[in-house]
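Visitor: Take a look at the following structure, please.
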Amino acid sequence: MQTDDLLQTLGYTDSPRFLRPAAFGSAPEFAHVFERAARQWNVRGVYLLRRDSSDENATSTPVVYVAEAESERAADAIHHAVWNQNVVPFLLVRLPGGVRLYSGFSWERGEERVQSEQRGVLEALVGFNDVLRRLGDLQAARIDDGSVWQSRADAMRRASRVDERLLGHLRALGQKLTEAQQLKRHVAHALIGKFVYLRYLRAREILSDRRLADWGLDGTVLGRGARPSDIKALVGHVDNWLNGSIFPFPFTGEDAPTKTQIEEVASVFLGDNPTTGQRHLPFEAYDFSSIPVETLSVVYEQFLAVEGTNKEKGAYYTPIPLVNFMLAELDDLRELAPGMKVLDPSCGSGAFLVQCYRRLIARHRRDGGDLRPTTLRDLLTKSIYGVDSDLDACRVAALSLTLAMLDYLTPPDLQSTPQFKLPDLLGQNVFHGDFFQADPPWTASGRRRFDWIVGNPPWVKAGDDDAGRQWIDAHAATAPVTKRDVAEAFAWKAIDHLAEDGTVGLLLPAMTLVKDDDAFRRRFFDAVSIKGVANFSNLRRDLFGGRAETPTAAIFFRSRPDEDDGRVLVFSPMAANQSAVRSAPGERLRPWTITLNASEVRSVSRNEIRTGAALPWKLAMWGSLRDARLIETVSHFPSFEDFARRHELIVSQGLQLRTQDAGEPVEPLPEVVGKLWLEPSALKDRGRLYVLPEDALSRIGPDLGFYRKRGGPRPLLVSRPPHVIVSGGRTFAAYSDEFVVFPDRQIGIAGAPSRSALLKAVSLFLNSELAAYCEFLLSPEGGIRGGRSTLETLKRLPTPLEQLEGAQLREWVALHDELVATQRRQWVGKADGDTLMPLEARLNALVANLFDLTEEQRVLVHDLVHVRMPMIDGQVPDLSVGEPEAEELEAYARRLETELDAFVEGEPLRHAVTVLNGGPWGAVEVRLETRLSKRRSRVRTASPEVSREMTRLTKGRDALDPQWIYFDRNVFLYLEDRTVILKPLQRLWWTESQALYDADEIFAAAAAPFGEGA
């Protein structure tokens, strides 16, 4: 079997998602990577995920390399190089006797011919006649439908990836140098960073034997016997030649590293384990000829994190998948091309600048341009600009750009072009300075404007003496920001440097969209033309590799405000829908790609966002137009604050108890000594509570009989009974008639003893689905930064309890007491099963009745609370993504039928909905039939007949993207006699509320002008 036969067998040959080397330039973000793989490792093609195979601006995700080798040893060498490259999860190598499958994200050296998954060998040797049986999950169709991620989940382990392994070894090495060998931390980190840099230059043959010989050095200079004098000489030559220095450290004096310490570092870069000392002998574990230049940025950022300075500066390395996503979005607005100018106003170590430069090179070559050294230099020096207040980061950025340029030159040591001079970028293209300084050099006295401004500005508050603070104060009237927020100031300042038709893409804290202070939103969204927003809040735990968890959003805009209303597209990726990242419910993996799913795209009205309102952004992520109408409906009821005022209830956060020597002003509070104290941590994972468990309560000793003076005495009032204690995360609202003190993140609601019945009703209401639903959508933080709510949100909560009196109030009190008694019986094992469920169903029905909710509105509330809200913070629970039960599919179909039939009420027709359960995905078939027709079974489960039916529905449909599972997880096909909906068999796509949304989509398509509904 030749390679072409293998490609044909796997279905790659005719797929537009399979790129051969001649087409690598059509994926500009990876073109240089793919070309190196083809040139050096015999890679014959790559299979991609890509929404539109004809659009080179569409973000690409490499999935499979296909390579050739003449021996197993050669195949293993290719695998090692691909692992170091760290861009593709699977590698297929055709050998003379068969095919070998490797994980591109896993590698471990073993003895020759010893195969194991730990080494990253997934299939040792597959005979040519056995390819479909053993490698069937690597077929184009299995990649396209997403099933490969379930069958090959083990290949995606995060800890085995080269960057994780390298950084782990570097951290261990740094710890050994600083703790065991007493080297100062900043010197240890600089020494390690310097070796990363030098090893990269050496491996890429930038430091070739010829170049070293010209300097009187040889290839042993970086070996295990590395000598300080040789390293010093090498560093001096390199700094002079490449016009800059990074990771400087002293070679003399008391802080200088010793010969032993330098040898220790050199050995690690030959593959030795710094913890065990084990050697890989002649094999270099880290192949810097394959590791991308972006690794320099990763190493720099990691050391910055260890020093702790990145938190002070609000600076975090932006992951390359996120960089590429943002650049693809900017390309859609205005394609980057030679002659355009790019500015990153907070460039850090250069992640955005390097990727922009690579795109310029790819576009120049696509248009027939040459890649001579002078051309590459001109593309860089005339187009790429960056600013940062950290000089070390600027040095890394400048040298990363220089090294990226050398990636395209052969030979990269420039020995064959001695007359060519490398550009001196620091101070010419990469500027050390403050973005807010007056008359900055990067603007050439105001004459230079930028076509793209892109970056990740620091997420900090401006200091008193910062240029940013001065700028903020001077522009407070025309360009307001929230509490000296530097990132918001960057967004305003970018406008001043933008070309007339320029575009900006900035990463800002996602709370910018929803926080209570709306001054920035009102003015900014009215002053600019917002072109799109990507809200990454649901990926916050993983997006930055765990190094930062502040939720982020990318905002794309132009400087001219729009005159009409129009709509702004908002993309809010959910971790549960990142098929190539999540392989199983509950599993967390670092994103190595970000896919844009059409089902997660909403639009918001420009007029709405100009008001500064936060709700449109929340609904764009978690809700729908139906939810907007529901919130509007319930908002006609009094707020909880008004309700509490009328009934003389006190609402406050809890007490901030302190010891007498707390180091801040405190006042004695003898009243609380001996009283009960609630410890919220003891309630973790206890579920919804109607009464406080005794094991979460303890007595307050005299040492804690003080309170924070600034907190005031009001929290003491809500500690007195009768009262309701509400958790900060809204997991419970428990009534108590005992004196209970609780921490300030919790909220208390207290009143006179005559209000005890009303307070029990308050407890029920705040434990209801509808209260959780409203608080979640109305809270600034809910679903953006965890699930916490605030006191202000509680005060705004629509509250229908004003209507309760007499027999109706007694009914509520009786239900409360029954819930409390049942929960207590459960705790002591005297209650059978989950007897709370029917009582809670009654509770939710009582609340819904008070609000006079329709059946459809009750469905919206239930599904958001029980199916979507569990996905907060990127969780992937079985409640949300598990396979739906047959009765759930039946309920979906029944709800869709009912909603669609309302559209043809009075006609002799009805809708027939059939769900075909075909395995990893299902199909919904909607037909119109006469009301006299016999009703068929709504759900047909997996069978050969069902599989054939699903194939018939989808085969040959031009409107159906083969990779729809990644890019549109709820696909509508409008055929001549039916409508077909395709969706994954995950619970969140088969709820009754989703049936309502699907009905809305079908109505909208039917009402659209001819040709627009399909």
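Following the order of the structure tokens, chains are lettered A, B, ..., residues in each are numbered from 1, and ligands are numbered from 1.
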Write out as JSON, numbers by chain the residues lying within 8 Å of Glu123 (chain A), counting only C-alpha atoms and excluding same-chain residues fewer than 3 positions away.
Guide: {"A": [100, 101, 102, 126]}
Visitor: Ranking A:Lys618, A:Val342, A:Ile631, A:Ser652 by minimum distance to Thr503 (chain A) and counting only C-alpha atoms, which one comes first?
Guide: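 Closest candidate: A:Val342.
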Visitor: When distances are computed from only C-alpha atoms, which of A:Ile291, A:Leu508, A:Val387, A:Ile784 shows the smallest separation from Met869 (chain A)?
Guide: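 Smallest distance to Met869 (chain A) is found for A:Ile784.
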Visitor: What's around Leu138 (chain A) at 8 Å? Count only C-alpha atoms, leave out sequence neighbours fewer than 4 positions away in its own chain, and write the answer as a ChimeraX atom specification.
Guide: /A:10,142-143,148
Visitor: Which residues in region 439-615 of chain A does DSSP call strand (DSSP E)? List them as a PyMOL selection string.
Guide: chain A and resi 450-455+498-509+529-535+552-558+567-571+601-605
Visitor: Go ahead and write the selection's residues with N, CA and C atoms as a short mmCIF file (atom, residue, chain, number, x, y, z; two decimals), in the first residue's frame.
Guide:
data_model
loop_
_atom_site.label_atom_id
_atom_site.label_comp_id
_atom_site.auth_asym_id
_atom_site.auth_seq_id
_atom_site.Cartn_x
_atom_site.Cartn_y
_atom_site.Cartn_z
N PHE A 450 -2.36 52.94 12.70
CA PHE A 450 -2.27 51.48 12.59
C PHE A 450 -3.57 50.89 12.06
N ASP A 451 -3.41 49.92 11.16
CA ASP A 451 -4.56 49.27 10.54
C ASP A 451 -5.15 48.20 11.46
N TRP A 452 -4.29 47.53 12.20
CA TRP A 452 -4.73 46.59 13.23
C TRP A 452 -4.11 47.03 14.55
N ILE A 453 -4.92 47.04 15.60
CA ILE A 453 -4.40 47.15 16.96
C ILE A 453 -4.95 45.94 17.71
N VAL A 454 -4.06 45.12 18.21
CA VAL A 454 -4.49 43.85 18.80
C VAL A 454 -3.61 43.54 20.00
N GLY A 455 -4.21 42.93 21.01
CA GLY A 455 -3.40 42.57 22.16
C GLY A 455 -4.21 42.20 23.38
N LEU A 498 -5.62 54.63 15.69
CA LEU A 498 -6.20 53.78 14.66
C LEU A 498 -6.30 54.52 13.33
N ALA A 499 -5.95 53.82 12.25
CA ALA A 499 -6.15 54.37 10.91
C ALA A 499 -7.65 54.51 10.65
N GLU A 500 -7.97 55.26 9.61
CA GLU A 500 -9.37 55.60 9.36
C GLU A 500 -10.26 54.36 9.23
N ASP A 501 -9.77 53.34 8.54
CA ASP A 501 -10.56 52.11 8.39
C ASP A 501 -9.94 50.97 9.17
N GLY A 502 -9.23 51.30 10.25
CA GLY A 502 -8.56 50.30 11.06
C GLY A 502 -9.51 49.55 11.98
N THR A 503 -9.02 48.44 12.53
CA THR A 503 -9.81 47.56 13.38
C THR A 503 -9.01 47.21 14.63
N VAL A 504 -9.71 47.10 15.74
CA VAL A 504 -9.10 46.77 17.02
C VAL A 504 -9.66 45.45 17.53
N GLY A 505 -8.79 44.62 18.09
CA GLY A 505 -9.20 43.42 18.79
C GLY A 505 -8.43 43.32 20.09
N LEU A 506 -9.12 43.46 21.22
CA LEU A 506 -8.46 43.45 22.53
C LEU A 506 -9.13 42.43 23.45
N LEU A 507 -8.30 41.79 24.25
CA LEU A 507 -8.81 40.94 25.33
C LEU A 507 -9.02 41.80 26.57
N LEU A 508 -10.24 41.83 27.05
CA LEU A 508 -10.58 42.59 28.25
C LEU A 508 -11.20 41.63 29.28
N PRO A 509 -11.20 42.00 30.55
CA PRO A 509 -11.94 41.18 31.52
C PRO A 509 -13.40 41.08 31.12
N SER A 529 -17.83 51.47 16.88
CA SER A 529 -18.64 50.48 16.18
C SER A 529 -18.18 49.10 16.62
N ILE A 530 -18.95 48.46 17.48
CA ILE A 530 -18.62 47.11 17.95
C ILE A 530 -18.93 46.12 16.83
N LYS A 531 -17.92 45.36 16.42
CA LYS A 531 -18.09 44.42 15.31
C LYS A 531 -18.32 42.99 15.78
N GLY A 532 -17.97 42.70 17.00
CA GLY A 532 -18.17 41.35 17.52
C GLY A 532 -17.55 41.22 18.89
N VAL A 533 -18.08 40.26 19.64
CA VAL A 533 -17.56 39.98 20.98
C VAL A 533 -17.48 38.46 21.14
N ALA A 534 -16.35 37.98 21.65
CA ALA A 534 -16.19 36.57 22.01
C ALA A 534 -16.02 36.50 23.51
N ASN A 535 -16.99 35.93 24.18
CA ASN A 535 -16.98 35.85 25.64
C ASN A 535 -16.46 34.48 26.05
N THR A 552 -12.36 36.23 30.54
CA THR A 552 -11.93 37.18 29.53
C THR A 552 -12.90 37.21 28.36
N ALA A 553 -12.89 38.33 27.67
CA ALA A 553 -13.71 38.49 26.45
C ALA A 553 -12.89 39.25 25.42
N ALA A 554 -12.99 38.84 24.18
CA ALA A 554 -12.34 39.57 23.09
C ALA A 554 -13.37 40.50 22.46
N ILE A 555 -13.00 41.77 22.35
CA ILE A 555 -13.90 42.78 21.78
C ILE A 555 -13.27 43.35 20.52
N PHE A 556 -14.02 43.31 19.44
CA PHE A 556 -13.54 43.78 18.14
C PHE A 556 -14.35 45.02 17.75
N PHE A 557 -13.65 46.09 17.40
CA PHE A 557 -14.37 47.34 17.12
C PHE A 557 -13.59 48.22 16.15
N ARG A 558 -14.31 49.18 15.59
CA ARG A 558 -13.74 50.26 14.77
C ARG A 558 -14.11 51.59 15.42
N ARG A 567 -27.21 44.77 14.58
CA ARG A 567 -26.97 43.74 15.58
C ARG A 567 -25.47 43.49 15.71
N VAL A 568 -25.05 43.10 16.89
CA VAL A 568 -23.67 42.73 17.16
C VAL A 568 -23.63 41.24 17.46
N LEU A 569 -22.77 40.51 16.75
CA LEU A 569 -22.65 39.08 16.98
C LEU A 569 -21.81 38.83 18.24
N VAL A 570 -22.31 37.90 19.07
CA VAL A 570 -21.62 37.53 20.31
C VAL A 570 -21.41 36.03 20.30
N PHE A 571 -20.18 35.62 20.47
CA PHE A 571 -19.81 34.21 20.49
C PHE A 571 -19.41 33.85 21.92
N VAL A 601 -23.59 31.31 18.87
CA VAL A 601 -23.55 32.69 18.40
C VAL A 601 -24.93 33.31 18.57
N ARG A 602 -24.97 34.44 19.22
CA ARG A 602 -26.21 35.21 19.37
C ARG A 602 -25.96 36.61 18.83
N SER A 603 -26.99 37.38 18.75
CA SER A 603 -26.82 38.78 18.36
C SER A 603 -27.52 39.66 19.38
N VAL A 604 -26.93 40.80 19.65
CA VAL A 604 -27.54 41.76 20.57
C VAL A 604 -27.73 43.07 19.82
N SER A 605 -28.72 43.82 20.24
CA SER A 605 -29.05 45.08 19.60
C SER A 605 -28.02 46.14 19.98
#
Visitor: Calculated over only C-alpha atoms, which of the candidates A:Val235, A:Leu864, A:Val820, A:Leu132 has the smallest distance to Leu839 (chain A)?
Guide: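 For Leu839 (chain A), the nearest of the candidates is A:Val820.
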Visitor: Which value, in Å to one decimal, gives the distance between CA of Pro984 (chain A) and CA of Arg626 (chain A)?
Guide: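 These atoms are spaced 22.9 Å apart.
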Visitor: So which residues touch region 330-333 of chain A within 7 Å, counting only C-alpha atoms, skipping near sequence neighbours fewer than 3 positions away, as a list in words?
Guide: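 Close residues of region 330-333 of chain A: Asn57, Met326, Leu327, Leu336 and Gly505 of chain A.
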Visitor: Would you mind exporting all heavy atoms of the selected residues as an mmCIF file, in the first residue's frame?
Guide:
data_model
loop_
_atom_site.group_PDB
_atom_site.id
_atom_site.type_symbol
_atom_site.label_atom_id
_atom_site.label_comp_id
_atom_site.auth_asym_id
_atom_site.auth_seq_id
_atom_site.Cartn_x
_atom_site.Cartn_y
_atom_site.Cartn_z
ATOM 1 N N ASN A 57 -8.962 32.384 5.815
ATOM 2 C CA ASN A 57 -9.020 33.150 7.056
ATOM 3 C C ASN A 57 -9.719 32.394 8.177
ATOM 4 O O ASN A 57 -9.669 32.810 9.334
ATOM 5 C CB ASN A 57 -9.730 34.484 6.833
ATOM 6 C CG ASN A 57 -8.919 35.426 5.954
ATOM 7 O OD1 ASN A 57 -7.702 35.319 5.881
ATOM 8 N ND2 ASN A 57 -9.591 36.337 5.279
ATOM 9 N N MET A 326 -8.230 35.209 17.608
ATOM 10 C CA MET A 326 -8.446 36.651 17.494
ATOM 11 C C MET A 326 -7.971 37.181 16.142
ATOM 12 O O MET A 326 -8.630 38.028 15.523
ATOM 13 C CB MET A 326 -7.742 37.378 18.631
ATOM 14 C CG MET A 326 -8.382 37.121 19.986
ATOM 15 S SD MET A 326 -7.634 38.101 21.299
ATOM 16 C CE MET A 326 -8.066 39.770 20.786
ATOM 17 N N LEU A 327 -6.848 36.679 15.677
ATOM 18 C CA LEU A 327 -6.342 37.152 14.385
ATOM 19 C C LEU A 327 -7.257 36.715 13.243
ATOM 20 O O LEU A 327 -7.446 37.455 12.268
ATOM 21 C CB LEU A 327 -4.917 36.646 14.160
ATOM 22 C CG LEU A 327 -3.877 37.104 15.189
ATOM 23 C CD1 LEU A 327 -2.479 36.683 14.755
ATOM 24 C CD2 LEU A 327 -3.928 38.615 15.404
ATOM 25 N N LEU A 336 -5.383 40.983 6.837
ATOM 26 C CA LEU A 336 -4.033 41.509 6.998
ATOM 27 C C LEU A 336 -3.246 41.277 5.708
ATOM 28 O O LEU A 336 -3.235 40.172 5.172
ATOM 29 C CB LEU A 336 -3.337 40.819 8.171
ATOM 30 C CG LEU A 336 -1.947 41.324 8.537
ATOM 31 C CD1 LEU A 336 -1.991 42.779 8.994
ATOM 32 C CD2 LEU A 336 -1.335 40.441 9.624
ATOM 33 N N GLY A 505 -8.787 44.624 18.092
ATOM 34 C CA GLY A 505 -9.204 43.421 18.793
ATOM 35 C C GLY A 505 -8.434 43.323 20.095
ATOM 36 O O GLY A 505 -7.218 43.158 20.083
#
Visitor: As an exercise, work out the distance from CA of Ile495 (chain A) to CA of Arg395 (chain A) in Å and give it to one decimal place.
Guide: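 Between CA of Ile495 (chain A) and CA of Arg395 (chain A) the gap is 26.5 Å.
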